[in-house]
Amino acid sequence: MASWEDNVRKVVPYVPGEQPKEKNIIKLNTNENPYGPSKRVLEKAVELEKLKLYPDPAASELVETIANYHGLNNNQVFVGVGSDDVLAMAFMTFFNSGKKLLFPDITYSFYDVWAELFNIPYEQIPVDCDFRIKAADYYKDNGGVIFPNPNAPTGIAEPLSFVRDILDHNKDVIVIVDEAYVDFGGESALPLIDEYDNLLVVRTYSKSRSMAGLRIGYAMGNERLIKYLNDVKYSYNSYTMNMPSIILGKESILDDEYFKETVNKVIDTREWFKGEIEKLGFSCPPSAANFLFMTHSRLSAKEIFETAKANKIYVRYFNKPRIDNHLRVTIGTREEMETFLELLKSIV
């Protein structure tokens, strides 16, 4: 090994869901919304000539639109290139005490990757046998807390009283609630940001707003938290948000009717599909997300995953302790889920 490699930061990277290149597939493995962006987004003209200019580093139009939508001030909103970018900035900004960051052992698998990358000590707190996060496990001394609500990959949502309990026992550290899936049935912690100055709520356009390809995420919180995030952003890369994302992200927020319509379609299909697979002997926790976390007492999740893939249906399999006999299945259109259901019937 060359001597320069002694000074290279070596990390085990996050592994995203497979992005197949073949055509005529059913893609239920990366939690995208199957219905596509609003017509306002699709029909909005973006002046490509302006791409020769740098975008607004503050993404002011987008920030103002998001703030108005949620009833906030502009200085309570931070935007980034997908919620992953926002969360990475938050890790760099807020978790520097040298104490352990706390998050669940079964959760979004990027958290430990960022902690390793930024040299943040951490502890993964086991969820219980029903995959529930226990608030009391987070009462101890720590350097910060982060958890998704609803959680991933389980889809389980905790009530606002749970979030308040975590906050009441962690007033001296930053608590991040990752609400990537909250629009599909969760209860948002957003009403608490004026009450708790250490709460940061993070959202994404990639799920409920059908815009994963544009990479838009945002955080909401106390004005000081947002200022600290922007200070880190401007010290790292001032121009993180591209011009089309700013313009089209604004249009998506303005079409609230379409947003609610497609979210309700996903919820309706999720509940129908859950009922159908339970008839086949599958079980899954109650989901408030756009996916189900399903298992079967007799059938191997890995074999179902491989059989589905052979039939051009992609679902997510995690070869990890405690969840290696579960599949995370994104809710597609009714027609896509009917096709997958027929395959499951043939397997059973």
# chains A, B, ... in the order shown; residues from 1 in each chain; ligands from 1
>>> closest_atom_pairs(of="segment 79-125 of chain A", to="segment 14-28 of chain A", cutoff="9 Å", atoms="only C-alpha atoms", output="Markdown table")
| residue | atom | partner | partner_atom | distance |
| --- | --- | --- | --- | --- |
| A:Ser109 | CA | A:Tyr14 | CA | 6.9 |
| A:Phe110 | CA | A:Tyr14 | CA | 5.7 |
| A:Asp112 | CA | A:Tyr14 | CA | 8.9 |
| A:Val113 | CA | A:Tyr14 | CA | 6.3 |
| A:Trp114 | CA | A:Tyr14 | CA | 8.9 |
>>> residues_around(residues="segment 139-143 of chain A", least_positions_apart="3", cutoff="12 Å", atoms="only C-alpha atoms", output="VMD selection string")
chain A and resid 91 94 to 103 115 120 to 125 134 to 136 146 165 to 176
>>> select_by_dssp(residues="segment 68-290 of chain A", states="strand (DSSP E or B)", output="PyMOL selection string")
chain A and resi 77-80+101-104+122-125+144-148+175-178+199-204+217-221+282-283
>>> select_by_dssp(residues="segment 131-261 of chain A", states="helix (DSSP H, G or I)", output="ChimeraX atom specification")
/A:135-138,160-168,182-184,190-192,212-214,223-236,243-254,256-261
>>> write_last_selection(atoms="N, CA and C atoms", output="compact mmCIF listing (two decimals), in the first residue's frame")
# COMPACT_ATOMS: atom_id res chain seq x y z
N ALA A 135 -38.93 5.94 24.31
CA ALA A 135 -38.43 7.28 24.69
C ALA A 135 -37.51 7.21 25.90
N ALA A 136 -37.81 6.35 26.85
CA ALA A 136 -37.01 6.27 28.09
C ALA A 136 -35.56 5.89 27.81
N ASP A 137 -35.30 5.21 26.70
CA ASP A 137 -33.93 4.83 26.35
C ASP A 137 -33.07 6.03 25.99
N TYR A 138 -33.71 7.19 25.79
CA TYR A 138 -33.00 8.39 25.36
C TYR A 138 -32.92 9.44 26.48
N LEU A 160 -47.11 12.83 18.82
CA LEU A 160 -46.41 14.05 19.22
C LEU A 160 -46.00 14.00 20.69
N SER A 161 -46.75 13.31 21.51
CA SER A 161 -46.40 13.19 22.93
C SER A 161 -45.07 12.46 23.10
N PHE A 162 -44.76 11.53 22.22
CA PHE A 162 -43.48 10.82 22.24
C PHE A 162 -42.33 11.79 21.96
N VAL A 163 -42.49 12.61 20.92
CA VAL A 163 -41.45 13.58 20.57
C VAL A 163 -41.25 14.57 21.72
N ARG A 164 -42.35 15.01 22.30
CA ARG A 164 -42.26 15.93 23.43
C ARG A 164 -41.50 15.30 24.60
N ASP A 165 -41.74 14.02 24.84
CA ASP A 165 -41.05 13.31 25.91
C ASP A 165 -39.54 13.30 25.67
N ILE A 166 -39.14 13.00 24.44
CA ILE A 166 -37.71 13.02 24.09
C ILE A 166 -37.13 14.41 24.32
N LEU A 167 -37.84 15.44 23.89
CA LEU A 167 -37.36 16.81 24.02
C LEU A 167 -37.26 17.24 25.49
N ASP A 168 -38.23 16.86 26.28
CA ASP A 168 -38.22 17.25 27.70
C ASP A 168 -37.04 16.65 28.45
N VAL A 182 -43.59 11.81 6.78
CA VAL A 182 -44.67 12.25 7.66
C VAL A 182 -45.97 12.53 6.92
N ASP A 183 -45.89 12.91 5.65
CA ASP A 183 -47.10 13.27 4.89
C ASP A 183 -48.03 12.09 4.65
N PHE A 184 -47.52 10.87 4.83
CA PHE A 184 -48.33 9.69 4.55
C PHE A 184 -49.07 9.16 5.78
N LEU A 190 -43.55 19.76 13.90
CA LEU A 190 -43.39 21.18 13.56
C LEU A 190 -44.05 22.13 14.56
N PRO A 191 -45.22 21.82 15.13
CA PRO A 191 -45.82 22.74 16.10
C PRO A 191 -44.96 22.98 17.35
N LEU A 192 -43.93 22.16 17.55
CA LEU A 192 -43.12 22.28 18.76
C LEU A 192 -41.89 23.17 18.59
N ALA A 212 -37.85 13.27 -6.44
CA ALA A 212 -36.56 12.73 -5.99
C ALA A 212 -35.42 13.14 -6.91
N GLY A 213 -35.73 13.29 -8.20
CA GLY A 213 -34.69 13.61 -9.17
C GLY A 213 -34.13 15.02 -9.08
N LEU A 214 -34.85 15.93 -8.42
CA LEU A 214 -34.35 17.31 -8.31
C LEU A 214 -33.57 17.55 -7.02
N GLU A 223 -34.64 30.18 14.86
CA GLU A 223 -33.84 31.05 13.99
C GLU A 223 -32.34 30.86 14.18
N ARG A 224 -31.92 30.63 15.43
CA ARG A 224 -30.49 30.44 15.68
C ARG A 224 -29.98 29.14 15.07
N LEU A 225 -30.78 28.07 15.15
CA LEU A 225 -30.39 26.82 14.53
C LEU A 225 -30.18 26.99 13.03
N ILE A 226 -31.11 27.69 12.39
CA ILE A 226 -31.03 27.89 10.95
C ILE A 226 -29.82 28.75 10.59
N LYS A 227 -29.52 29.75 11.38
CA LYS A 227 -28.34 30.58 11.14
C LYS A 227 -27.07 29.74 11.22
N TYR A 228 -26.98 28.88 12.25
CA TYR A 228 -25.79 28.04 12.38
C TYR A 228 -25.65 27.10 11.19
N LEU A 229 -26.77 26.55 10.71
CA LEU A 229 -26.72 25.69 9.53
C LEU A 229 -26.23 26.46 8.30
N ASN A 230 -26.75 27.66 8.11
CA ASN A 230 -26.32 28.46 6.95
C ASN A 230 -24.86 28.84 7.05
N ASP A 231 -24.38 29.11 8.25
CA ASP A 231 -22.96 29.45 8.41
C ASP A 231 -22.08 28.29 7.95
N VAL A 232 -22.47 27.07 8.30
CA VAL A 232 -21.70 25.91 7.86
C VAL A 232 -21.83 25.72 6.35
N LYS A 233 -23.05 25.88 5.84
CA LYS A 233 -23.27 25.73 4.39
C LYS A 233 -22.40 26.70 3.60
N TYR A 234 -22.42 27.97 4.00
CA TYR A 234 -21.66 28.98 3.25
C TYR A 234 -20.15 28.80 3.43
N SER A 235 -19.74 28.08 4.44
CA SER A 235 -18.32 27.78 4.62
C SER A 235 -17.90 26.55 3.82
N TYR A 236 -18.90 25.82 3.34
CA TYR A 236 -18.64 24.56 2.64
C TYR A 236 -18.90 24.70 1.14
N MET A 243 -30.58 26.23 -9.90
CA MET A 243 -31.65 27.13 -10.28
C MET A 243 -32.97 26.41 -10.62
N PRO A 244 -32.96 25.34 -11.45
CA PRO A 244 -34.23 24.64 -11.71
C PRO A 244 -34.89 24.09 -10.45
N SER A 245 -34.10 23.60 -9.51
CA SER A 245 -34.67 23.09 -8.27
C SER A 245 -35.37 24.18 -7.48
N ILE A 246 -34.77 25.37 -7.45
CA ILE A 246 -35.39 26.49 -6.74
C ILE A 246 -36.73 26.85 -7.37
N ILE A 247 -36.74 26.95 -8.70
CA ILE A 247 -37.95 27.36 -9.42
C ILE A 247 -39.04 26.30 -9.32
N LEU A 248 -38.68 25.05 -9.60
CA LEU A 248 -39.68 23.98 -9.64
C LEU A 248 -40.10 23.55 -8.23
N GLY A 249 -39.20 23.68 -7.28
CA GLY A 249 -39.57 23.40 -5.90
C GLY A 249 -40.64 24.33 -5.40
N LYS A 250 -40.56 25.58 -5.82
CA LYS A 250 -41.58 26.56 -5.45
C LYS A 250 -42.93 26.18 -6.06
N GLU A 251 -42.95 25.78 -7.32
CA GLU A 251 -44.20 25.42 -7.99
C GLU A 251 -44.87 24.22 -7.33
N SER A 252 -44.09 23.27 -6.89
CA SER A 252 -44.65 22.10 -6.24
C SER A 252 -45.41 22.47 -4.97
N ILE A 253 -44.83 23.34 -4.18
CA ILE A 253 -45.48 23.77 -2.93
C ILE A 253 -46.80 24.49 -3.22
N LEU A 254 -46.85 25.23 -4.32
CA LEU A 254 -48.03 26.03 -4.64
C LEU A 254 -49.21 25.19 -5.12
N ASP A 256 -51.04 22.61 -3.84
CA ASP A 256 -51.35 21.81 -2.66
C ASP A 256 -52.45 20.78 -2.95
N GLU A 257 -53.36 21.12 -3.84
CA GLU A 257 -54.45 20.20 -4.17
C GLU A 257 -53.92 18.90 -4.77
N TYR A 258 -52.99 19.02 -5.72
CA TYR A 258 -52.41 17.83 -6.35
C TYR A 258 -51.60 17.03 -5.34
N PHE A 259 -50.84 17.73 -4.50
CA PHE A 259 -50.04 17.09 -3.47
C PHE A 259 -50.92 16.20 -2.58
N LYS A 260 -52.00 16.75 -2.09
CA LYS A 260 -52.87 15.99 -1.19
C LYS A 260 -53.57 14.84 -1.93
N GLU A 261 -53.91 15.07 -3.18
CA GLU A 261 -54.57 14.03 -3.98
C GLU A 261 -53.68 12.80 -4.14
>>> residues_around(residues="Asp194 of chain A", least_positions_apart="6", cutoff="12 Å", atoms="only C-alpha atoms", output="list of chain:residue names")
A:Gly71, A:Leu72, A:Asn73, A:Gln76, A:Leu200, A:Val201, A:Met220, A:Gly221, A:Asn222, A:Glu223, A:Arg224, A:Leu225
>>> write_last_selection(atoms="N, CA and C atoms", output="mmCIF file, in the first residue's frame")
data_model
loop_
_atom_site.group_PDB
_atom_site.id
_atom_site.type_symbol
_atom_site.label_atom_id
_atom_site.label_comp_id
_atom_site.auth_asym_id
_atom_site.auth_seq_id
_atom_site.Cartn_x
_atom_site.Cartn_y
_atom_site.Cartn_z
ATOM 1 N N GLY A 71 -46.398 28.421 7.646
ATOM 2 C CA GLY A 71 -46.686 29.457 8.618
ATOM 3 C C GLY A 71 -45.486 29.889 9.434
ATOM 4 N N LEU A 72 -44.315 29.907 8.794
ATOM 5 C CA LEU A 72 -43.069 30.251 9.476
ATOM 6 C C LEU A 72 -42.477 31.536 8.911
ATOM 7 N N ASN A 73 -41.451 32.048 9.568
ATOM 8 C CA ASN A 73 -40.648 33.130 9.032
ATOM 9 C C ASN A 73 -39.561 32.550 8.131
ATOM 10 N N GLN A 76 -36.570 30.754 9.576
ATOM 11 C CA GLN A 76 -36.787 29.479 10.268
ATOM 12 C C GLN A 76 -36.674 28.292 9.309
ATOM 13 N N LEU A 200 -34.999 20.445 15.565
ATOM 14 C CA LEU A 200 -34.877 20.639 14.124
ATOM 15 C C LEU A 200 -35.727 19.585 13.428
ATOM 16 N N VAL A 201 -36.635 20.038 12.561
ATOM 17 C CA VAL A 201 -37.518 19.145 11.809
ATOM 18 C C VAL A 201 -37.072 19.148 10.351
ATOM 19 N N MET A 220 -36.556 22.916 9.376
ATOM 20 C CA MET A 220 -37.293 23.998 10.026
ATOM 21 C C MET A 220 -36.981 23.973 11.517
ATOM 22 N N GLY A 221 -36.762 25.161 12.069
ATOM 23 C CA GLY A 221 -36.442 25.223 13.487
ATOM 24 C C GLY A 221 -36.269 26.641 13.968
ATOM 25 N N ASN A 222 -35.719 26.756 15.155
ATOM 26 C CA ASN A 222 -35.408 28.037 15.756
ATOM 27 C C ASN A 222 -34.479 28.858 14.860
ATOM 28 N N GLU A 223 -34.636 30.181 14.861
ATOM 29 C CA GLU A 223 -33.837 31.048 13.987
ATOM 30 C C GLU A 223 -32.335 30.858 14.183
ATOM 31 N N ARG A 224 -31.921 30.627 15.432
ATOM 32 C CA ARG A 224 -30.486 30.443 15.684
ATOM 33 C C ARG A 224 -29.976 29.145 15.069
ATOM 34 N N LEU A 225 -30.784 28.075 15.155
ATOM 35 C CA LEU A 225 -30.385 26.818 14.531
ATOM 36 C C LEU A 225 -30.179 26.991 13.028
#
>>> residues_around(residues="Leu87 of chain A", least_positions_apart="3", cutoff="10 Å", atoms="only C-alpha atoms", output="mmCIF file with N, CA and C atoms, in the first residue's frame")
data_model
loop_
_atom_site.group_PDB
_atom_site.id
_atom_site.type_symbol
_atom_site.label_atom_id
_atom_site.label_comp_id
_atom_site.auth_asym_id
_atom_site.auth_seq_id
_atom_site.Cartn_x
_atom_site.Cartn_y
_atom_site.Cartn_z
ATOM 1 N N GLY A 80 -31.586 22.455 1.255
ATOM 2 C CA GLY A 80 -30.379 21.778 0.797
ATOM 3 C C GLY A 80 -30.694 20.810 -0.323
ATOM 4 N N GLY A 82 -31.558 17.807 -1.257
ATOM 5 C CA GLY A 82 -32.162 16.621 -0.675
ATOM 6 C C GLY A 82 -32.006 16.651 0.838
ATOM 7 N N SER A 83 -32.824 15.875 1.538
ATOM 8 C CA SER A 83 -32.717 15.870 2.993
ATOM 9 C C SER A 83 -31.403 15.257 3.452
ATOM 10 N N ASP A 84 -30.774 14.418 2.615
ATOM 11 C CA ASP A 84 -29.469 13.873 2.987
ATOM 12 C C ASP A 84 -28.439 14.988 3.155
ATOM 13 N N ALA A 90 -26.408 19.195 9.248
ATOM 14 C CA ALA A 90 -26.807 19.224 10.649
ATOM 15 C C ALA A 90 -25.843 18.414 11.510
ATOM 16 N N PHE A 91 -25.410 17.266 11.012
ATOM 17 C CA PHE A 91 -24.424 16.469 11.752
ATOM 18 C C PHE A 91 -23.147 17.275 11.963
ATOM 19 N N MET A 92 -22.660 17.914 10.902
ATOM 20 C CA MET A 92 -21.433 18.714 11.009
ATOM 21 C C MET A 92 -21.604 19.881 11.973
ATOM 22 N N THR A 93 -22.793 20.463 11.984
ATOM 23 C CA THR A 93 -23.024 21.694 12.738
ATOM 24 C C THR A 93 -23.264 21.451 14.216
ATOM 25 N N PHE A 110 -28.164 5.739 6.919
ATOM 26 C CA PHE A 110 -27.162 6.767 6.635
ATOM 27 C C PHE A 110 -26.641 7.409 7.932
ATOM 28 N N TYR A 111 -27.381 7.285 9.045
ATOM 29 C CA TYR A 111 -26.986 7.984 10.264
ATOM 30 C C TYR A 111 -25.616 7.544 10.757
ATOM 31 N N TRP A 114 -22.763 8.894 8.410
ATOM 32 C CA TRP A 114 -22.374 10.279 8.670
ATOM 33 C C TRP A 114 -21.586 10.393 9.966
ATOM 34 N N ILE A 146 -31.256 11.769 17.139
ATOM 35 C CA ILE A 146 -31.918 11.849 15.834
ATOM 36 C C ILE A 146 -32.721 10.575 15.610
ATOM 37 N N ILE A 176 -33.089 16.047 16.406
ATOM 38 C CA ILE A 176 -33.534 16.123 15.009
ATOM 39 C C ILE A 176 -34.613 15.079 14.768
ATOM 40 N N ASP A 178 -36.523 13.461 11.768
ATOM 41 C CA ASP A 178 -36.439 13.284 10.314
ATOM 42 C C ASP A 178 -37.825 12.871 9.812
ATOM 43 N N LEU A 200 -34.999 20.445 15.565
ATOM 44 C CA LEU A 200 -34.877 20.639 14.124
ATOM 45 C C LEU A 200 -35.727 19.585 13.428
ATOM 46 N N VAL A 202 -36.832 17.961 9.791
ATOM 47 C CA VAL A 202 -36.285 17.846 8.431
ATOM 48 C C VAL A 202 -37.293 17.157 7.519
ATOM 49 N N ARG A 203 -37.472 17.719 6.330
ATOM 50 C CA ARG A 203 -38.410 17.178 5.325
ATOM 51 C C ARG A 203 -37.693 17.000 3.983
ATOM 52 N N GLY A 217 -34.397 19.210 -0.152
ATOM 53 C CA GLY A 217 -34.744 18.922 1.225
ATOM 54 C C GLY A 217 -34.723 20.202 2.021
ATOM 55 N N TYR A 218 -35.346 20.198 3.185
ATOM 56 C CA TYR A 218 -35.314 21.417 3.991
ATOM 57 C C TYR A 218 -35.468 21.094 5.469
ATOM 58 N N ALA A 219 -35.001 22.030 6.290
ATOM 59 C CA ALA A 219 -35.111 21.908 7.741
ATOM 60 C C ALA A 219 -35.851 23.118 8.272
#
>>> closest_residue(among="A:Pro34, A:Pro148, A:Leu327, A:Ile106", to="Glu306 of chain A", atoms="only C-alpha atoms")
A:Leu327
>>> residues_around(residues="Phe318 of chain A", least_positions_apart="5", cutoff="10 Å", atoms="only C-alpha atoms", output="list in words")
Pro153, Ala301, Lys302, Ile323, Asp324, Asn325, His326, Leu327 and Arg328 of chain A
>>> write_last_selection(atoms="N, CA and C atoms", output="PDB file, in the first residue's frame")
ATOM      1  N   PRO A 153     -36.745   1.369   8.283  1.00  0.00           N
ATOM      2  CA  PRO A 153     -37.675   0.888   7.256  1.00  0.00           C
ATOM      3  C   PRO A 153     -38.994   0.339   7.784  1.00  0.00           C
ATOM      4  N   ALA A 301     -37.700 -14.065   3.087  1.00  0.00           N
ATOM      5  CA  ALA A 301     -37.758 -12.741   2.461  1.00  0.00           C
ATOM      6  C   ALA A 301     -36.739 -12.630   1.327  1.00  0.00           C
ATOM      7  N   LYS A 302     -35.580 -13.211   1.532  1.00  0.00           N
ATOM      8  CA  LYS A 302     -34.548 -13.144   0.497  1.00  0.00           C
ATOM      9  C   LYS A 302     -34.994 -13.859  -0.770  1.00  0.00           C
ATOM     10  N   ILE A 323     -33.724  -7.956  10.942  1.00  0.00           N
ATOM     11  CA  ILE A 323     -34.662  -7.616   9.866  1.00  0.00           C
ATOM     12  C   ILE A 323     -34.367  -8.371   8.568  1.00  0.00           C
ATOM     13  N   ASP A 324     -33.564  -9.441   8.662  1.00  0.00           N
ATOM     14  CA  ASP A 324     -33.162 -10.151   7.444  1.00  0.00           C
ATOM     15  C   ASP A 324     -34.238 -11.084   6.905  1.00  0.00           C
ATOM     16  N   ASN A 325     -35.404 -11.110   7.554  1.00  0.00           N
ATOM     17  CA  ASN A 325     -36.535 -11.840   6.959  1.00  0.00           C
ATOM     18  C   ASN A 325     -37.704 -10.896   6.692  1.00  0.00           C
ATOM     19  N   HIS A 326     -37.371  -9.633   6.452  1.00  0.00           N
ATOM     20  CA  HIS A 326     -38.373  -8.621   6.115  1.00  0.00           C
ATOM     21  C   HIS A 326     -38.054  -8.003   4.755  1.00  0.00           C
ATOM     22  N   LEU A 327     -39.089  -7.531   4.096  1.00  0.00           N
ATOM     23  CA  LEU A 327     -38.950  -6.759   2.860  1.00  0.00           C
ATOM     24  C   LEU A 327     -39.579  -5.397   3.075  1.00  0.00           C
ATOM     25  N   ARG A 328     -38.930  -4.371   2.565  1.00  0.00           N
ATOM     26  CA  ARG A 328     -39.560  -3.049   2.542  1.00  0.00           C
ATOM     27  C   ARG A 328     -40.089  -2.827   1.135  1.00  0.00           C
TER      28      ARG A 328
END
>>> residues_around(residues="His296 of chain A", least_positions_apart="2", cutoff="8 Å", atoms="only C-alpha atoms", output="list in words")
Gly281, Phe282, Ser283, Met294, Arg298, Leu299, Ser300, Ala301, Asn325 and His326 of chain A
>>> write_last_selection(atoms="C-alpha atoms", output="compact mmCIF listing (two decimals), in the first residue's frame")
# COMPACT_ATOMS: atom_id res chain seq x y z
CA GLY A 281 -50.04 -14.92 5.77
CA PHE A 282 -47.82 -11.85 5.65
CA SER A 283 -47.63 -9.45 8.57
CA MET A 294 -43.53 -7.13 5.54
CA ARG A 298 -42.93 -19.62 6.44
CA LEU A 299 -41.35 -17.90 3.46
CA SER A 300 -37.85 -16.48 3.11
CA ALA A 301 -37.76 -12.74 2.46
CA ASN A 325 -36.53 -11.84 6.96
CA HIS A 326 -38.37 -8.62 6.12
>>> atom_distance(atom1="atom CA of Leu199 of chain A", atom2="atom CA of Gly144 of chain A")
10.5 Å
>>> atom_distance(atom1="atom CA of Asn149 of chain A", atom2="atom CA of Val177 of chain A")
6.5 Å
>>> closest_residue(among="A:Ser210, A:Thr269, A:Gly185, A:Thr30", to="Glu335 of chain A", atoms="only C-alpha atoms")
A:Thr269
>>> atom_distance(atom1="atom CA of Ser297 of chain A", atom2="atom CA of Phe340 of chain A")
18.9 Å
>>> closest_residue(among="A:Pro285, A:Gly332, A:Gly36, A:Gly275", to="Asn151 of chain A", atoms="only C-alpha atoms")
A:Pro285
>>> closest_residue(among="A:Val86, A:Leu280, A:Val145, A:Lys320", to="Glu342 of chain A", atoms="only C-alpha atoms")
A:Leu280
